[in-house]
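Here's the structure we're looking at; comments come further down.
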Amino acid sequence: MAEPIRVVVTGAAGQIAYSLLYSIAKGDVFGKEQPIILILLDITPMLPVLDGVVMELQDCALPLLREVIPTDKVEVGFKDIDAAILVGSMPRKEGMERKDLLKANVAIFKTQGAALDKFAKKTVKVLVVGNPANTNCLIASKSAPSIPKENFSCLTRLDHNRACSQVAMRCGVSSNNVKNVIIWGNHSSTQYPDVHHAKVNVGGGEKAAYDAVKDDAWLRGDFISTVQQRGAAVIKARKLSSAMSAAKAICDHMRDIWFGTKEGEFISMGVYAAGNSYGIPEDLIYSFPVQIKNKTWKIVDGLPINDFSRAKMDATATELVEERDTAMDFLSN
C-alpha cells in the first residue's frame, strides 16, 4: 500500500462537506489504492458537530481511511498536507452588500493562505470552493507566496457539469456523450457557458454541439441563463444550496488534477490567468478550458473566439477585475 496522503477539508461541518467526505474517504478522488488521513477544519462553535461527522466516518468502516482529525486550528489543519479543499467561507446573509461579503472572505482566505504558506507541503494542490471562489482563491494564493500559483484553482466544474447535462438532455443522450463545453470567467451569474467547441456523440457519430442541438436561439439564450442561474434555482426549490452536485464537482475536479484529463478532452477550472492567449487580464483567477497531465494544468490555447463569445468573456473579466481591486484594497489595509 502507498503512504497515506493528508487531505484537509475546511467548512467540514457544513452541507457540502457532508456530501463530499464519504466519496474522498472511499477512494473516489485520489484512487482506490491510496490511503488517506482526513483533516476536518471548521470554526470552534462547529466542533461538536464535527465530532458527529468523525463518528459517522468511523462507522463507514472504510479501508482507505487511516485517520480522521477534527480541528479548529489552522496549524493542525494545514500541517504537511497534500491536498486542501477550501469549502468554508462566509455565506452571503440577507441584506448584505457584495462588498461586505468580500471583506469578510478576504480575512478568512488571507489567514488560510498564510497558514498554507507556513505549514503545508510546497507541492500542495489547493481547490477553493467557498464563494466568491475566484477572488477567494486569488487572495489565498497571494497570501502564500512560497507555494506556486499554479497549485491554486477554484471550482467551476459544477457549472461545467451543469452545462454538459443541459446539452445532453436537449440531445436525448447521457452526459458522458458531451465533451469540451467551456465555462469562461467568474463563478457567478456573469460566467459564460460556451458550447462553440463542444462535441456531442449522437447515434454513434460525433457532432459539433450546435449541429447536434439544432437550436441556436436556445444555445445563445435560455441555455446560458439556465446554467448561470442554476445555483439560485436550486436554493429556491430546496431552500438549501446545491450540496450533492457541488460535492460531485469537487470530486471530478480533484480527480482530474490527480490523474489527468482524457486525451483530446478539456474541462473547466478557475486558474491563474498569466500568459493566457485570450486577452484576459493576467492577475486574475479566471475559468478557462484546461488539460491536465502529471498533476499540471495547461490552458487550451488557440480556440477561435467569435464576437458573441468575446463580449461575454470580457464582461465576466470586468466583474473579476472589480472584485479583485476591492479585495486587494481590503488586503492591503
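Naming scheme: A, B, ... for chains in displayed order of the C-alpha cells; residues 1 onward per chain; ligands 1 onward as shown.
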
Note to self: If DSSP is run on the backbone, what residues of stretch 43-175 of chain A are strand (DSSP E or B)? A reply as a ChimeraX atom specification would be ideal.
What the structure shows: /A:65-71,83-86,125-128,152-154

Now that the selection is made, can you save its residues with C-alpha atoms as an mmCIF file, in the first residue's frame?
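Contents of result00.cif, freshly written:
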```
data_model
loop_
_atom_site.group_PDB
_atom_site.id
_atom_site.type_symbol
_atom_site.label_atom_id
_atom_site.label_comp_id
_atom_site.auth_asym_id
_atom_site.auth_seq_id
_atom_site.Cartn_x
_atom_site.Cartn_y
_atom_site.Cartn_z
ATOM 1 C CA LEU A 65 -9.310 5.900 5.797
ATOM 2 C CA ARG A 66 -6.347 5.744 8.189
ATOM 3 C CA GLU A 67 -7.221 8.617 10.485
ATOM 4 C CA VAL A 68 -9.724 11.457 10.876
ATOM 5 C CA ILE A 69 -8.588 14.598 12.689
ATOM 6 C CA PRO A 70 -11.175 17.239 13.634
ATOM 7 C CA THR A 71 -9.741 20.662 14.491
ATOM 8 C CA ALA A 83 -4.425 18.500 -0.866
ATOM 9 C CA ALA A 84 -6.611 21.269 0.532
ATOM 10 C CA ILE A 85 -10.277 21.674 -0.334
ATOM 11 C CA LEU A 86 -11.365 25.060 0.986
ATOM 12 C CA LYS A 125 -2.879 21.298 -4.502
ATOM 13 C CA VAL A 126 -5.419 23.845 -3.272
ATOM 14 C CA LEU A 127 -9.014 23.943 -4.509
ATOM 15 C CA VAL A 128 -11.154 26.896 -3.423
ATOM 16 C CA PHE A 152 -4.241 27.039 -6.725
ATOM 17 C CA SER A 153 -7.520 26.588 -8.562
ATOM 18 C CA CYS A 154 -11.179 27.367 -7.956
#
```

Margin query: What's the separation between atom CA of A:Trp258 and atom CA of A:Lys295, in Å to one decimal place?
Written below: 5.4 Å

Item checked: Exercise: A:Gly27 partners within 12 Å, only C-alpha atoms, chain neighbours under 6 positions left out, as a PyMOL selection string -> chain A and resi 4-5+20-21+33-38+62-65+251+254-255

Margin query: Quick one: residues within 12 Å of stretch 204-218 of chain A, only C-alpha atoms, excluding same-chain residues fewer than 3 positions away - as a ChimeraX atom specification?
Written below: /A:163-164,166-173,177-182,194-201,221-226

Write a file of the selected residues as a tab-separated table (two decimals), in the first residue's frame, keeping N, CA, C and O atoms.
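The result, written out as part_21.tsv:
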```
chain	number	residue	atom	x	y	z
A	163	ALA	N	-23.67	22.57	-17.54
A	163	ALA	CA	-23.74	22.85	-18.98
A	163	ALA	C	-23.77	21.55	-19.79
A	163	ALA	O	-24.58	21.40	-20.71
A	164	CYS	N	-22.90	20.61	-19.43
A	164	CYS	CA	-22.88	19.29	-20.10
A	164	CYS	C	-24.24	18.63	-20.04
A	164	CYS	O	-24.76	18.12	-21.04
A	166	GLN	N	-27.24	19.93	-19.45
A	166	GLN	CA	-28.28	20.63	-20.21
A	166	GLN	C	-28.24	20.25	-21.70
A	166	GLN	O	-29.27	19.97	-22.31
A	167	VAL	N	-27.03	20.24	-22.25
A	167	VAL	CA	-26.87	19.88	-23.67
A	167	VAL	C	-27.25	18.41	-23.89
A	167	VAL	O	-27.96	18.08	-24.85
A	168	ALA	N	-26.81	17.55	-22.98
A	168	ALA	CA	-27.12	16.11	-23.10
A	168	ALA	C	-28.63	15.87	-23.08
A	168	ALA	O	-29.17	15.13	-23.91
A	169	MET	N	-29.32	16.51	-22.12
A	169	MET	CA	-30.78	16.33	-22.02
A	169	MET	C	-31.46	16.83	-23.30
A	169	MET	O	-32.38	16.20	-23.80
A	170	ARG	N	-30.98	17.94	-23.80
A	170	ARG	CA	-31.56	18.52	-25.01
A	170	ARG	C	-31.40	17.59	-26.21
A	170	ARG	O	-32.26	17.52	-27.09
A	171	CYS	N	-30.28	16.85	-26.25
A	171	CYS	CA	-30.00	15.95	-27.38
A	171	CYS	C	-30.50	14.52	-27.12
A	171	CYS	O	-30.35	13.65	-27.98
A	172	GLY	N	-31.02	14.28	-25.91
A	172	GLY	CA	-31.51	12.95	-25.58
A	172	GLY	C	-30.41	11.90	-25.45
A	172	GLY	O	-30.61	10.73	-25.78
A	173	VAL	N	-29.23	12.34	-24.98
A	173	VAL	CA	-28.13	11.39	-24.74
A	173	VAL	C	-27.67	11.52	-23.29
A	173	VAL	O	-28.06	12.46	-22.59
A	177	ASN	N	-21.72	11.62	-23.17
A	177	ASN	CA	-21.64	11.79	-24.62
A	177	ASN	C	-21.41	13.25	-25.03
A	177	ASN	O	-21.42	13.57	-26.21
A	178	VAL	N	-21.24	14.12	-24.03
A	178	VAL	CA	-20.96	15.54	-24.32
A	178	VAL	C	-19.58	15.86	-23.78
A	178	VAL	O	-19.27	15.53	-22.63
A	179	LYS	N	-18.74	16.50	-24.59
A	179	LYS	CA	-17.41	16.87	-24.09
A	179	LYS	C	-17.02	18.26	-24.59
A	179	LYS	O	-17.58	18.78	-25.55
A	180	ASN	N	-16.05	18.83	-23.88
A	180	ASN	CA	-15.44	20.09	-24.28
A	180	ASN	C	-16.38	21.30	-24.26
A	180	ASN	O	-16.24	22.22	-25.07
A	181	VAL	N	-17.34	21.29	-23.33
A	181	VAL	CA	-18.00	22.57	-23.04
A	181	VAL	C	-17.00	23.40	-22.24
A	181	VAL	O	-16.04	22.85	-21.69
A	182	ILE	N	-17.21	24.70	-22.22
A	182	ILE	CA	-16.28	25.58	-21.50
A	182	ILE	C	-17.08	26.53	-20.61
A	182	ILE	O	-18.11	27.05	-21.02
A	194	ASP	N	-19.99	28.13	-22.71
A	194	ASP	CA	-19.73	28.22	-24.15
A	194	ASP	C	-19.69	26.83	-24.76
A	194	ASP	O	-18.91	25.98	-24.33
A	195	VAL	N	-20.54	26.58	-25.78
A	195	VAL	CA	-20.53	25.25	-26.42
A	195	VAL	C	-20.06	25.32	-27.88
A	195	VAL	O	-20.25	24.38	-28.64
A	196	HIS	N	-19.43	26.43	-28.26
A	196	HIS	CA	-18.95	26.55	-29.64
A	196	HIS	C	-17.90	25.50	-29.99
A	196	HIS	O	-17.68	25.20	-31.17
A	197	HIS	N	-17.22	24.96	-28.98
A	197	HIS	CA	-16.15	23.98	-29.23
A	197	HIS	C	-16.53	22.59	-28.71
A	197	HIS	O	-15.70	21.68	-28.75
A	198	ALA	N	-17.77	22.48	-28.24
A	198	ALA	CA	-18.21	21.21	-27.64
A	198	ALA	C	-18.62	20.21	-28.72
A	198	ALA	O	-19.00	20.58	-29.83
A	199	LYS	N	-18.51	18.93	-28.35
A	199	LYS	CA	-18.88	17.84	-29.25
A	199	LYS	C	-19.91	16.96	-28.54
A	199	LYS	O	-19.81	16.73	-27.33
A	200	VAL	N	-20.86	16.46	-29.34
A	200	VAL	CA	-21.88	15.55	-28.80
A	200	VAL	C	-21.86	14.27	-29.62
A	200	VAL	O	-21.84	14.30	-30.86
A	201	ASN	N	-21.85	13.15	-28.92
A	201	ASN	CA	-21.91	11.85	-29.58
A	201	ASN	C	-23.37	11.45	-29.74
A	201	ASN	O	-24.02	11.10	-28.76
A	221	GLY	N	-29.40	31.72	-25.64
A	221	GLY	CA	-30.33	32.38	-24.72
A	221	GLY	C	-30.56	31.58	-23.45
A	221	GLY	O	-29.76	31.63	-22.51
A	222	ASP	N	-31.63	30.79	-23.45
A	222	ASP	CA	-32.05	30.07	-22.23
A	222	ASP	C	-30.99	29.12	-21.69
A	222	ASP	O	-30.87	28.94	-20.48
A	223	PHE	N	-30.24	28.49	-22.58
A	223	PHE	CA	-29.17	27.58	-22.12
A	223	PHE	C	-28.20	28.32	-21.21
A	223	PHE	O	-27.88	27.89	-20.10
A	224	ILE	N	-27.74	29.48	-21.69
A	224	ILE	CA	-26.76	30.26	-20.93
A	224	ILE	C	-27.34	30.72	-19.60
A	224	ILE	O	-26.72	30.54	-18.54
A	225	SER	N	-28.56	31.28	-19.64
A	225	SER	CA	-29.13	31.80	-18.39
A	225	SER	C	-29.48	30.67	-17.41
A	225	SER	O	-29.36	30.83	-16.20
A	226	THR	N	-29.88	29.50	-17.92
A	226	THR	CA	-30.17	28.36	-17.04
A	226	THR	C	-28.92	27.95	-16.26
A	226	THR	O	-28.96	27.76	-15.05
```

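The shortest atom-to-atom distance to A:Asn306, with only C-alpha atoms taken into account, belongs to A:Tyr278 out of A:Cys60, A:Tyr278, A:Glu75, A:Ile81.
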
Note to self: Residues near stretch 260-276 of chain A, anyone? I mean within 9 Å using only C-alpha atoms, not counting same-chain ones fewer than 2 positions away, as a ChimeraX atom specification.
What the structure shows: /A:133-134,137-138,149-157,159-160,179-187,253,255-258,278-297,299-301

Note to self: I'd like to know which of A:Met90, A:Leu40, A:Leu116, A:Val49 is closest to A:Leu102, using only C-alpha atoms.
What the structure shows: A:Met90

Next item on the list: Write out as a ChimeraX atom specification each polymer residue whose atoms come within 6 Å of stretch 139-146 of chain A, counting only C-alpha atoms; drop sequence neighbours fewer than 2 positions from it.
Entry: /A:109-110,113-114,117,136-137
